[in-house]
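Shown here: target_0.tsv, TSV, C-alpha atoms.
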chain	number	residue	atom	x	y	z
A	1	ASP	CA	100.81	52.85	-53.24
A	2	SER	CA	97.82	55.22	-53.25
A	3	GLY	CA	96.91	54.60	-49.62
A	4	VAL	CA	93.53	53.15	-50.58
A	5	THR	CA	93.07	49.50	-49.67
A	6	GLN	CA	90.56	47.05	-51.09
A	7	THR	CA	89.75	43.54	-50.00
A	8	PRO	CA	89.62	40.91	-51.21
A	9	LYS	CA	91.98	41.08	-54.19
A	10	HIS	CA	90.22	38.25	-55.97
A	11	LEU	CA	86.79	36.75	-55.55
A	12	ILE	CA	85.33	33.77	-57.38
A	13	THR	CA	81.70	32.94	-56.88
A	14	ALA	CA	78.69	31.46	-58.61
A	15	THR	CA	75.69	33.01	-60.30
A	16	GLY	CA	72.93	33.97	-57.92
A	17	GLN	CA	75.26	34.53	-55.00
A	18	ARG	CA	75.93	37.69	-53.01
A	19	VAL	CA	79.33	39.22	-52.25
A	20	THR	CA	80.66	42.19	-50.33
A	21	LEU	CA	83.67	44.23	-51.43
A	22	ARG	CA	85.42	46.41	-48.91
A	23	CYS	CA	87.33	49.66	-49.29
A	24	SER	CA	89.35	51.71	-46.83
A	25	PRO	CA	90.04	55.26	-48.02
A	26	ARG	CA	93.28	57.17	-47.54
A	27	SER	CA	93.70	58.60	-44.09
A	28	GLY	CA	91.85	61.90	-43.94
A	29	ASP	CA	89.77	61.38	-47.08
A	30	LEU	CA	86.06	61.75	-46.51
A	31	SER	CA	84.72	60.69	-49.89
A	32	VAL	CA	84.65	57.28	-51.51
A	33	TYR	CA	83.81	56.34	-55.09
A	34	TRP	CA	83.08	52.93	-56.59
A	35	TYR	CA	83.78	51.98	-60.20
A	36	GLN	CA	83.28	48.87	-62.31
A	37	GLN	CA	85.71	48.05	-65.12
A	38	SER	CA	84.88	45.32	-67.59
A	39	LEU	CA	86.50	44.61	-70.94
A	40	ASP	CA	83.55	45.73	-73.01
A	41	GLN	CA	82.32	48.64	-70.88
A	42	GLY	CA	85.46	50.39	-69.75
A	43	LEU	CA	85.56	52.24	-66.45
A	44	GLN	CA	82.02	52.90	-65.23
A	45	PHE	CA	81.21	55.11	-62.26
A	46	LEU	CA	78.81	53.45	-59.85
A	47	ILE	CA	78.32	55.62	-56.79
A	48	GLN	CA	79.96	58.22	-54.53
A	49	TYR	CA	79.72	58.77	-50.78
A	50	TYR	CA	80.83	61.70	-48.70
A	51	ASN	CA	81.13	61.37	-44.94
A	52	GLY	CA	78.56	58.60	-44.83
A	53	GLU	CA	76.03	60.08	-47.21
A	54	GLU	CA	75.36	59.22	-50.83
A	55	ARG	CA	76.38	62.13	-53.07
A	56	ALA	CA	76.26	61.01	-56.67
A	57	LYS	CA	74.95	58.00	-58.48
A	58	GLY	CA	76.05	56.54	-61.79
A	59	ASN	CA	75.11	53.38	-63.61
A	60	ILE	CA	74.63	51.26	-60.51
A	61	LEU	CA	72.26	48.33	-60.86
A	62	GLU	CA	69.43	47.84	-58.37
A	63	ARG	CA	71.04	44.52	-57.38
A	64	PHE	CA	74.05	46.51	-56.15
A	65	SER	CA	74.15	48.65	-53.05
A	66	ALA	CA	76.82	50.48	-51.13
A	67	GLN	CA	77.32	52.29	-47.89
A	68	GLN	CA	79.96	54.27	-46.07
A	69	PHE	CA	80.38	53.64	-42.36
A	70	PRO	CA	81.22	56.09	-39.55
A	71	ASP	CA	84.88	55.07	-39.72
A	72	LEU	CA	84.68	56.06	-43.42
A	73	HIS	CA	85.34	52.64	-44.87
A	74	SER	CA	82.90	51.61	-47.54
A	75	GLU	CA	81.33	48.36	-48.71
A	76	LEU	CA	79.84	47.50	-52.08
A	77	ASN	CA	77.28	44.71	-51.96
A	78	LEU	CA	76.53	42.79	-55.13
A	79	SER	CA	73.61	40.37	-55.07
A	80	SER	CA	71.92	37.92	-57.44
A	81	LEU	CA	75.17	37.83	-59.33
A	82	GLU	CA	75.18	37.24	-63.07
A	83	LEU	CA	77.99	36.24	-65.40
A	84	GLY	CA	78.10	39.80	-66.71
A	85	ASP	CA	79.01	41.13	-63.28
A	86	SER	CA	82.48	39.67	-63.68
A	87	ALA	CA	84.76	42.68	-63.67
A	88	LEU	CA	87.36	44.65	-61.78
A	89	TYR	CA	85.82	46.81	-59.07
A	90	PHE	CA	87.80	49.86	-58.03
A	91	CYS	CA	87.34	52.09	-55.06
A	92	ALA	CA	88.75	55.60	-55.01
A	93	SER	CA	88.88	58.25	-52.32
A	94	SER	CA	89.32	61.98	-52.24
A	95	VAL	CA	89.60	64.65	-49.60
A	96	ARG	CA	86.10	66.07	-49.85
A	97	GLY	CA	84.82	64.50	-53.02
A	98	GLN	CA	84.21	67.71	-54.87
A	99	THR	CA	84.76	67.90	-58.57
A	100	TYR	CA	88.15	69.59	-58.40
A	101	ASN	CA	89.55	67.08	-55.90
A	102	GLU	CA	91.82	64.40	-57.29
A	103	GLN	CA	90.83	60.81	-56.70
A	104	PHE	CA	93.18	58.13	-55.39
A	105	PHE	CA	92.34	54.65	-56.64
A	106	GLY	CA	92.83	51.36	-54.88
A	107	PRO	CA	94.29	48.25	-56.52
A	108	GLY	CA	90.86	46.81	-57.25
A	109	THR	CA	88.97	43.60	-56.54
A	110	ARG	CA	88.69	41.15	-59.40
A	111	LEU	CA	85.31	39.44	-59.31
A	112	THR	CA	84.73	36.30	-61.33
A	113	VAL	CA	81.21	34.92	-61.51
A	114	LEU	CA	81.00	31.34	-62.78
B	1	ASP	CA	77.05	65.55	-69.39
B	2	ALA	CA	79.85	67.02	-71.46
B	3	LYS	CA	81.85	64.34	-73.26
B	4	THR	CA	85.45	64.04	-74.34
B	5	THR	CA	86.97	62.53	-77.46
B	6	GLN	CA	90.45	61.04	-77.57
B	7	PRO	CA	92.38	59.00	-80.12
B	8	ASN	CA	92.16	55.27	-79.41
B	9	SER	CA	95.91	54.78	-79.44
B	10	MET	CA	99.22	56.57	-79.87
B	11	GLU	CA	102.86	55.58	-80.06
B	12	SER	CA	105.93	57.38	-78.86
B	13	ASN	CA	109.63	56.71	-78.80
B	14	GLU	CA	111.31	56.54	-75.44
B	15	GLU	CA	112.75	59.84	-74.20
B	16	GLU	CA	110.74	61.85	-76.74
B	17	PRO	CA	107.94	64.26	-75.79
B	18	VAL	CA	104.37	63.02	-76.14
B	19	HIS	CA	101.32	65.16	-76.81
B	20	LEU	CA	98.03	63.48	-75.99
B	21	PRO	CA	95.03	65.40	-77.35
B	22	CYS	CA	91.51	65.61	-75.96
B	23	ASN	CA	88.51	67.30	-77.54
B	24	HIS	CA	85.68	68.56	-75.37
B	25	SER	CA	83.70	70.86	-77.65
B	26	THR	CA	80.64	70.92	-75.36
B	27	ILE	CA	82.59	71.90	-72.25
B	28	SER	CA	80.82	74.30	-69.93
B	29	GLY	CA	82.38	77.20	-68.11
B	30	THR	CA	82.31	75.29	-64.84
B	31	ASP	CA	83.95	72.08	-66.06
B	32	TYR	CA	87.40	71.16	-64.77
B	33	ILE	CA	89.57	69.11	-67.14
B	34	HIS	CA	91.15	66.14	-65.38
B	35	TRP	CA	93.63	63.59	-66.69
B	36	TYR	CA	94.15	60.15	-65.20
B	37	ARG	CA	96.20	57.23	-66.42
B	38	GLN	CA	95.92	53.52	-65.85
B	39	LEU	CA	99.00	51.35	-66.01
B	40	PRO	CA	98.51	47.68	-66.85
B	41	SER	CA	96.94	45.70	-63.99
B	42	GLN	CA	96.63	48.76	-61.76
B	43	GLY	CA	93.97	51.23	-60.73
B	44	PRO	CA	93.87	54.62	-62.42
B	45	GLU	CA	96.12	57.35	-61.04
B	46	TYR	CA	95.66	61.09	-61.10
B	47	VAL	CA	97.94	62.98	-63.47
B	48	ILE	CA	96.86	66.61	-63.60
B	49	HIS	CA	93.86	68.91	-63.81
B	50	GLY	CA	93.07	72.46	-64.81
B	51	LEU	CA	90.27	74.93	-65.46
B	52	THR	CA	91.49	77.66	-67.80
B	53	SER	CA	95.23	78.20	-67.49
B	54	ASN	CA	97.99	75.82	-68.46
B	55	VAL	CA	99.22	73.70	-65.56
B	56	ASN	CA	102.48	71.96	-64.76
B	57	ASN	CA	103.35	69.35	-62.17
B	58	ARG	CA	106.07	66.78	-61.67
B	59	MET	CA	104.34	64.27	-63.91
B	60	ALA	CA	103.16	66.32	-66.87
B	61	SER	CA	101.92	69.59	-68.31
B	62	LEU	CA	98.38	70.42	-69.34
B	63	ALA	CA	97.84	72.87	-72.17
B	64	ILE	CA	94.28	74.18	-72.44
B	65	ALA	CA	93.07	75.90	-75.61
B	66	GLU	CA	91.89	79.47	-75.25
B	67	ASP	CA	88.29	78.48	-76.07
B	68	ARG	CA	88.65	75.45	-73.74
B	69	LYS	CA	87.24	73.14	-76.39
B	70	SER	CA	90.39	71.06	-76.41
B	71	SER	CA	93.36	70.28	-74.24
B	72	THR	CA	96.67	68.46	-74.55
B	73	LEU	CA	98.49	66.41	-71.97
B	74	ILE	CA	102.24	66.72	-72.45
B	75	LEU	CA	104.70	64.16	-71.18
B	76	HIS	CA	108.05	65.83	-71.61
B	77	ARG	CA	110.18	62.70	-71.91
B	78	ALA	CA	108.32	59.43	-72.35
B	79	THR	CA	109.65	56.46	-70.44
B	80	LEU	CA	108.62	52.83	-70.68
B	81	ARG	CA	106.75	53.32	-67.42
B	82	ASP	CA	104.48	55.86	-69.13
B	83	ALA	CA	102.88	53.16	-71.28
B	84	ALA	CA	99.29	53.27	-70.07
B	85	VAL	CA	95.75	54.24	-70.96
B	86	TYR	CA	95.28	57.98	-70.53
B	87	TYR	CA	91.81	59.30	-69.70
B	88	CYS	CA	90.66	62.87	-70.16
B	89	ILE	CA	87.51	63.60	-68.14
B	90	LEU	CA	85.43	66.65	-67.30
B	91	ARG	CA	84.25	67.39	-63.78
B	92	ASP	CA	81.52	70.01	-63.36
B	93	VAL	CA	82.11	72.33	-60.46
B	94	GLY	CA	78.69	73.89	-60.91
B	95	GLY	CA	75.56	73.02	-59.02
B	96	LYS	CA	74.64	73.28	-55.38
B	97	THR	CA	76.92	70.63	-54.02
B	98	SER	CA	79.70	70.36	-56.59
B	99	TYR	CA	79.24	66.60	-56.74
B	100	ASP	CA	78.53	64.81	-59.96
B	101	LYS	CA	78.79	61.60	-61.88
B	102	VAL	CA	82.26	60.84	-63.16
B	103	ILE	CA	82.37	59.79	-66.81
B	104	PHE	CA	85.46	58.03	-68.12
B	105	GLY	CA	85.65	57.49	-71.88
B	106	PRO	CA	87.71	54.74	-73.52
B	107	GLY	CA	90.90	56.83	-73.24
B	108	THR	CA	94.09	56.73	-75.32
B	109	SER	CA	96.34	53.71	-75.10
B	110	LEU	CA	99.91	54.99	-75.22
B	111	SER	CA	102.68	52.66	-76.33
B	112	VAL	CA	106.30	53.65	-75.71
B	113	ILE	CA	108.90	52.17	-78.01
B	114	PRO	CA	112.38	51.61	-76.59

What is this structure when it is put down as structure tokens?
Amino acid sequence: DSGVTQTPKHLITATGQRVTLRCSPRSGDLSVYWYQQSLDQGLQFLIQYYNGEERAKGNILERFSAQQFPDLHSELNLSSLELGDSALYFCASSVRGQTYNEQFFGPGTRLTVL
Amino acid sequence: DAKTTQPNSMESNEEEPVHLPCNHSTISGTDYIHWYRQLPSQGPEYVIHGLTSNVNNRMASLAIAEDRKSSTLILHRATLRDAAVYYCILRDVGGKTSYDKVIFGPGTSLSVIP
């Protein structure tokens, strides 16, 4: 158990819908990362937050947005969902989010878009 | 961004040492070398990281070439639980804020034979 929690574990929805994935970092960690893992794309970095502020951005679509709240939990919002958005979404946290800090990954949310 | 190259797959016998190679010929002087692994149906987990010197921890050892253009993750005695995808990634400590995109390649799928 990494100490990072993600809810829900599974999510099934339809194309065009909007969903919110939630992540609670390990106690004391200030930085949160979001990743998408699909069969054909591997593990793709989406975005990183540190203490409420966006710090680094990867291949995140405009239909996706994220934020980190004052209590340090984070939410990833996915809208206008397409079939290709079906994937595992992982959240990770680290102490300060700098490049030499190890990341602790949550168990993931499996999103299925029908 | 500096990239890494790893073999797609490797096999090892149980209780034998395993050497997982990673090439990073375009590594910069400020890149840390990180290794993560992902067990089936789980999120990735941190294994080890280093900058220039070889590193040891309870999970593995990391041997870094003198020119830093390659590294090797060493599992001293493979167990069935070590069957996973192993990712070698570079994290750039340079720049004003030391934050950056995180790039995972396809990794090496390690099979352990009983």

Within 12 Å of Val112 (chain B), counting all atoms listed in the file, which residues show up once you throw out same-chain ones fewer than 4 positions away? Write them as a tab-separated table (two decimals) with C-alpha atoms, keeping the file's coordinate frame, please.
chain	number	residue	atom	x	y	z
B	9	SER	CA	95.91	54.78	-79.44
B	10	MET	CA	99.22	56.57	-79.87
B	11	GLU	CA	102.86	55.58	-80.06
B	12	SER	CA	105.93	57.38	-78.86
B	13	ASN	CA	109.63	56.71	-78.80
B	14	GLU	CA	111.31	56.54	-75.44
B	15	GLU	CA	112.75	59.84	-74.20
B	16	GLU	CA	110.74	61.85	-76.74
B	17	PRO	CA	107.94	64.26	-75.79
B	18	VAL	CA	104.37	63.02	-76.14
B	75	LEU	CA	104.70	64.16	-71.18
B	77	ARG	CA	110.18	62.70	-71.91
B	78	ALA	CA	108.32	59.43	-72.35
B	79	THR	CA	109.65	56.46	-70.44
B	80	LEU	CA	108.62	52.83	-70.68
B	81	ARG	CA	106.75	53.32	-67.42
B	82	ASP	CA	104.48	55.86	-69.13
B	83	ALA	CA	102.88	53.16	-71.28
B	84	ALA	CA	99.29	53.27	-70.07
B	85	VAL	CA	95.75	54.24	-70.96

TODO: Can you work out the spacing between CA of Leu114 (chain A) and CA of Phe64 (chain A) in Å, to one decimal?
DONE: 18.0 Å

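Between chain B and the candidates A:Ser38, A:Ser65, A:Ser24, A:Thr15, the tightest atom-to-atom separation, counting only C-alpha atoms, involves A:Ser38.
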
Open item on the list: What's the separation between CA of Ala92 (chain A) and CA of Trp34 (chain A), in Å to one decimal place?
Closed with: 6.5 Å

Task: Nearest to Pro21 (chain B) by atom-to-atom distance, counting all atoms listed in the file, from B:Leu90, B:Leu110, B:Leu73, B:Leu51 - done: B:Leu73

Task: Non-local contacts of region 101-106 of chain B (6 Å; all atoms listed in the file; under 6 positions in same chain excluded) as a list in words - done: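 The contact residues come out as Phe45, Ala56 and Gly58 of chain A; Ile89 of chain B.
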
Open item on the list: With distances taken over all atoms listed in the file, which residue among B:Ile113, B:Leu39, B:Leu20, B:Ile27 lies nearest Pro7 (chain B)?
Closed with: B:Leu20

- [ ] Return as number ranges by chain the residues belonging to chain A that are within 10 Å of chain B, counting all atoms listed in the file.
- [x] A: 2, 33, 35, 37, 40-50, 55-59, 88-92, 96-108

TODO: Using CA of Ile12 (chain A) and CA of Pro70 (chain A) as the two end points, give the distance in Å to one decimal.
DONE: 28.9 Å

- [ ] Determine the nearest neighbour of Gly84 (chain A) from the options A:Glu54, A:Gln36, A:Leu72, A:His10, counting all atoms listed in the file.
- [x]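 Comparing A:Glu54, A:Gln36, A:Leu72, A:His10 against Gly84 (chain A), the winner is A:Gln36.
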
Write out N, CA and C atoms for region 30-50 of chain A, as a PDB file, keeping the file's coordinate frame.
ATOM      1  N   LEU A  30      87.431  61.922 -46.968  1.00  0.00           N
ATOM      2  CA  LEU A  30      86.060  61.750 -46.510  1.00  0.00           C
ATOM      3  C   LEU A  30      85.144  61.144 -47.580  1.00  0.00           C
ATOM      4  N   SER A  31      85.595  61.143 -48.806  1.00  0.00           N
ATOM      5  CA  SER A  31      84.720  60.690 -49.890  1.00  0.00           C
ATOM      6  C   SER A  31      85.252  59.416 -50.526  1.00  0.00           C
ATOM      7  N   VAL A  32      84.314  58.554 -50.872  1.00  0.00           N
ATOM      8  CA  VAL A  32      84.650  57.280 -51.510  1.00  0.00           C
ATOM      9  C   VAL A  32      83.825  57.126 -52.778  1.00  0.00           C
ATOM     10  N   TYR A  33      84.468  56.626 -53.819  1.00  0.00           N
ATOM     11  CA  TYR A  33      83.810  56.340 -55.090  1.00  0.00           C
ATOM     12  C   TYR A  33      83.957  54.849 -55.402  1.00  0.00           C
ATOM     13  N   TRP A  34      82.981  54.299 -56.085  1.00  0.00           N
ATOM     14  CA  TRP A  34      83.080  52.930 -56.590  1.00  0.00           C
ATOM     15  C   TRP A  34      82.938  52.938 -58.106  1.00  0.00           C
ATOM     16  N   TYR A  35      83.789  52.117 -58.752  1.00  0.00           N
ATOM     17  CA  TYR A  35      83.780  51.980 -60.200  1.00  0.00           C
ATOM     18  C   TYR A  35      83.795  50.498 -60.574  1.00  0.00           C
ATOM     19  N   GLN A  36      83.223  50.212 -61.739  1.00  0.00           N
ATOM     20  CA  GLN A  36      83.280  48.870 -62.310  1.00  0.00           C
ATOM     21  C   GLN A  36      84.043  48.965 -63.630  1.00  0.00           C
ATOM     22  N   GLN A  37      84.985  48.056 -63.844  1.00  0.00           N
ATOM     23  CA  GLN A  37      85.710  48.050 -65.120  1.00  0.00           C
ATOM     24  C   GLN A  37      85.636  46.658 -65.736  1.00  0.00           C
ATOM     25  N   SER A  38      84.912  46.562 -66.836  1.00  0.00           N
ATOM     26  CA  SER A  38      84.880  45.320 -67.590  1.00  0.00           C
ATOM     27  C   SER A  38      85.472  45.575 -68.957  1.00  0.00           C
ATOM     28  N   LEU A  39      85.802  44.476 -69.654  1.00  0.00           N
ATOM     29  CA  LEU A  39      86.500  44.610 -70.940  1.00  0.00           C
ATOM     30  C   LEU A  39      85.680  45.374 -71.955  1.00  0.00           C
ATOM     31  N   ASP A  40      84.366  45.102 -71.970  1.00  0.00           N
ATOM     32  CA  ASP A  40      83.550  45.730 -73.010  1.00  0.00           C
ATOM     33  C   ASP A  40      82.946  47.071 -72.614  1.00  0.00           C
ATOM     34  N   GLN A  41      82.954  47.398 -71.327  1.00  0.00           N
ATOM     35  CA  GLN A  41      82.320  48.640 -70.880  1.00  0.00           C
ATOM     36  C   GLN A  41      83.294  49.710 -70.412  1.00  0.00           C
ATOM     37  N   GLY A  42      84.544  49.385 -70.257  1.00  0.00           N
ATOM     38  CA  GLY A  42      85.460  50.390 -69.750  1.00  0.00           C
ATOM     39  C   GLY A  42      85.207  50.689 -68.288  1.00  0.00           C
ATOM     40  N   LEU A  43      85.663  51.853 -67.855  1.00  0.00           N
ATOM     41  CA  LEU A  43      85.560  52.240 -66.450  1.00  0.00           C
ATOM     42  C   LEU A  43      84.234  52.958 -66.236  1.00  0.00           C
ATOM     43  N   GLN A  44      83.347  52.344 -65.455  1.00  0.00           N
ATOM     44  CA  GLN A  44      82.020  52.900 -65.230  1.00  0.00           C
ATOM     45  C   GLN A  44      81.868  53.346 -63.776  1.00  0.00           C
ATOM     46  N   PHE A  45      81.462  54.576 -63.597  1.00  0.00           N
ATOM     47  CA  PHE A  45      81.210  55.110 -62.260  1.00  0.00           C
ATOM     48  C   PHE A  45      79.933  54.510 -61.699  1.00  0.00           C
ATOM     49  N   LEU A  46      79.982  54.034 -60.478  1.00  0.00           N
ATOM     50  CA  LEU A  46      78.810  53.450 -59.850  1.00  0.00           C
ATOM     51  C   LEU A  46      78.168  54.404 -58.854  1.00  0.00           C
ATOM     52  N   ILE A  47      78.928  54.832 -57.850  1.00  0.00           N
ATOM     53  CA  ILE A  47      78.320  55.620 -56.790  1.00  0.00           C
ATOM     54  C   ILE A  47      79.413  56.341 -55.999  1.00  0.00           C
ATOM     55  N   GLN A  48      79.032  57.456 -55.351  1.00  0.00           N
ATOM     56  CA  GLN A  48      79.960  58.220 -54.530  1.00  0.00           C
ATOM     57  C   GLN A  48      79.324  58.503 -53.172  1.00  0.00           C
ATOM     58  N   TYR A  49      80.135  58.401 -52.133  1.00  0.00           N
ATOM     59  CA  TYR A  49      79.720  58.770 -50.780  1.00  0.00           C
ATOM     60  C   TYR A  49      80.626  59.834 -50.226  1.00  0.00           C
ATOM     61  N   TYR A  50      80.052  60.684 -49.401  1.00  0.00           N
ATOM     62  CA  TYR A  50      80.830  61.700 -48.700  1.00  0.00           C
ATOM     63  C   TYR A  50      80.415  61.669 -47.237  1.00  0.00           C
TER      64      TYR A  50
END
